[in-house]
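Encoded as structure tokens, the structure appears first; notes follow it.
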Amino acid sequence: MSHPRTIVNVNGIDYRWPLRPVVVVCIDGGDPAYLRRFLADGTTPNIARFVREGYAAVVDGSMPSFTCPNNMSIITGTPTSKHGISGNFYLDTRTWEPVVMTGPELLRGDTIITKFAEAGAKVVSITAKDKLRKQLAKGLDVSQGHVSLSAEFADRATLADNGIDNALQWLGMSQPGMYSMELSLFVLEAGIKLLQEHRPELLYLSLTDWVQHKWAPEEEGARTFYRKLDDCIGRLAALDATVALTADHGMSDKSNEAGEPKAIWLQDVLDARFGKGQTTVICPITDAFVAHHGALGGFVRVWLRGTEVTARQVIDHIAGIDGIEMALDKDTACRLFDMPPDREGDVAVVARQDTCIGGSAANHDLSGLKGHRLRTHGGVSEAKVPLILNRPLNDAYRAKVASQTLKSWQVFDFAINGTL
Ligand SMILES: [Zn+2]
């Protein structure tokens, strides 16, 4: 491993040259409730050792508590107000079309891995779903020995696009299914093998939350996954790496006693009061894979299309609905949650922990839930995530955690600058 001993500045934060490889694992949907349970009952001995010998806390993630905003916060080390990725979708008010937010051109600022790569480090970014891959590796030149891979498209990885080809053969795994725990395990196994063979300075491994959408902490499927996850985490640490664990968001049960989604159909509510075409509700959790949550989350945005309706009227009409925790105008929401105003709706709506919010009932396909209770995320109640390091904090960062509220997007900072 080369040691240029340079400081790398990314989006205003100085990072020292890593003393040993740094691996950041984003346990997608890794609500603190899972680790609370599995640390207590001995399912995750390696992570338990990190908690004993390193550092562990529950910290704030970015709002809304969705996958894209939080992954981009982690990889840039900045809040959503800086990097601009405010959801999986936002509404372009010039065309009134929803825009998918996965394009690298929508990401503002630099990623930590790309800036380190430009400074001479070898870097690796592996994701479960391909939708995150390009944005995470914004500006990264994979022809220089770096890797940018997704488990989803592992079977079609090429040296030119991903920095690796024949990935399945190389790893000795078959192509994992989109809805499987193997999709996450592939990411971890590929990270372990790349660490063994190439010892890159930085690795970012981002999993999928299929397991957490499907199973509560007390269900056996969740335990099976965390046992396998813990084994992989232990093998990463055994390769003399600094290993940091965090999550993009938590996960809450949002079903009623009958096991059906406890949903507020906000577009229907607003249409009934103000008339069709006056408002547009966008559910920023939506992506191409909605079978496990039916595009229902804990946070939606309302854009005003007509001239007759004001944000105040919308807020006054919905704030008292049972299950709505907050209905905020754009300025208040952006100030409170550190979000970018140009990609915020006129009203931001946050659901209570036990409730989810959708658009029109007719537009949500819930057949994919197939008798499963709805577990999903997006609100403040799912914005608490773990931050765990396998090595103890140094004095400077011990002082830091004593004096400030930690954010999950400081995970690279803590892993690179904050450990002994
Ligand atoms: Zn997620």
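Residue numbering restarts at 1 in every chain; chains get A, B, ... in the order shown in the structure tokens, and ligands count up from 1 in that same order.
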Given 10 Å and only C-alpha atoms and all ligand atoms, residues near ligand 1 as a PDB file with C-alpha atoms, in the first residue's frame:
```pdb
ATOM      1  CA  CYS A  26     -23.965   0.338   4.856  1.00  0.00           C
ATOM      2  CA  ILE A  27     -26.437  -2.217   6.226  1.00  0.00           C
ATOM      3  CA  ASP A  28     -29.435  -1.100   4.190  1.00  0.00           C
ATOM      4  CA  GLY A  29     -32.478  -0.881   6.460  1.00  0.00           C
ATOM      5  CA  GLY A  30     -30.288  -1.857   9.443  1.00  0.00           C
ATOM      6  CA  SER A  65     -34.813   8.239   5.731  1.00  0.00           C
ATOM      7  CA  PHE A  66     -34.558   6.672   2.287  1.00  0.00           C
ATOM      8  CA  THR A  67     -31.814   4.739   0.511  1.00  0.00           C
ATOM      9  CA  CYS A  68     -30.515   7.183  -2.126  1.00  0.00           C
ATOM     10  CA  PRO A  69     -30.238  10.317   0.064  1.00  0.00           C
ATOM     11  CA  ASN A  70     -28.443   8.459   2.832  1.00  0.00           C
ATOM     12  CA  ASN A  71     -26.035   6.549   0.616  1.00  0.00           C
ATOM     13  CA  SER A 206     -23.756  -1.001   0.344  1.00  0.00           C
ATOM     14  CA  LEU A 207     -26.299  -3.789   0.936  1.00  0.00           C
ATOM     15  CA  THR A 208     -30.044  -4.094   0.251  1.00  0.00           C
ATOM     16  CA  ASP A 209     -32.906  -3.872   2.751  1.00  0.00           C
ATOM     17  CA  TRP A 210     -34.967  -6.763   1.353  1.00  0.00           C
ATOM     18  CA  GLN A 212     -35.483  -5.880   6.852  1.00  0.00           C
ATOM     19  CA  HIS A 213     -38.562  -5.050   4.771  1.00  0.00           C
ATOM     20  CA  ALA A 247     -27.155   2.049   7.887  1.00  0.00           C
ATOM     21  CA  ASP A 248     -28.986   4.287   5.469  1.00  0.00           C
ATOM     22  CA  HIS A 249     -32.203   4.128   7.496  1.00  0.00           C
ATOM     23  CA  GLY A 250     -34.124   2.029   9.998  1.00  0.00           C
ATOM     24  CA  MET A 251     -37.350   0.107   9.475  1.00  0.00           C
ATOM     25  CA  ILE A 285     -39.402   5.931  -1.778  1.00  0.00           C
ATOM     26  CA  THR A 376     -41.031   0.402   5.644  1.00  0.00           C
ATOM     27  CA  HIS A 377     -39.232   3.690   6.340  1.00  0.00           C
ATOM     28  CA  GLY A 378     -38.830   7.350   5.404  1.00  0.00           C
TER      29      GLY A 378
END
```
Strand (DSSP E) per DSSP on the backbone: members of segment 67-240 of chain A, as a list in words: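 Selecting the strand (DSSP E) positions of segment 67-240 of chain A gives Phe89, Tyr90, Leu91, Asp92, Glu97, Pro98, Val99, Val100, Val123, Val124, Ser125, Ile126, Thr127, Val147, Ser148, Leu149, Ser150, Leu202, Leu203, Tyr204, Leu205 and Ser206 of chain A.
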Distance of atom CA of Trp215 of chain A from atom CA of Leu183 of chain A, expressed in Å to one decimal place: 16.0 Å
Which of segment 239-337 of chain A fall in alpha helix (DSSP H), as a ChimeraX atom specification: /A:266-274,311-318,330-337
Point-to-point distance from atom CA of Gly418 of chain A to atom CA of Arg52 of chain A, Å rounded to tenths: 16.8 Å
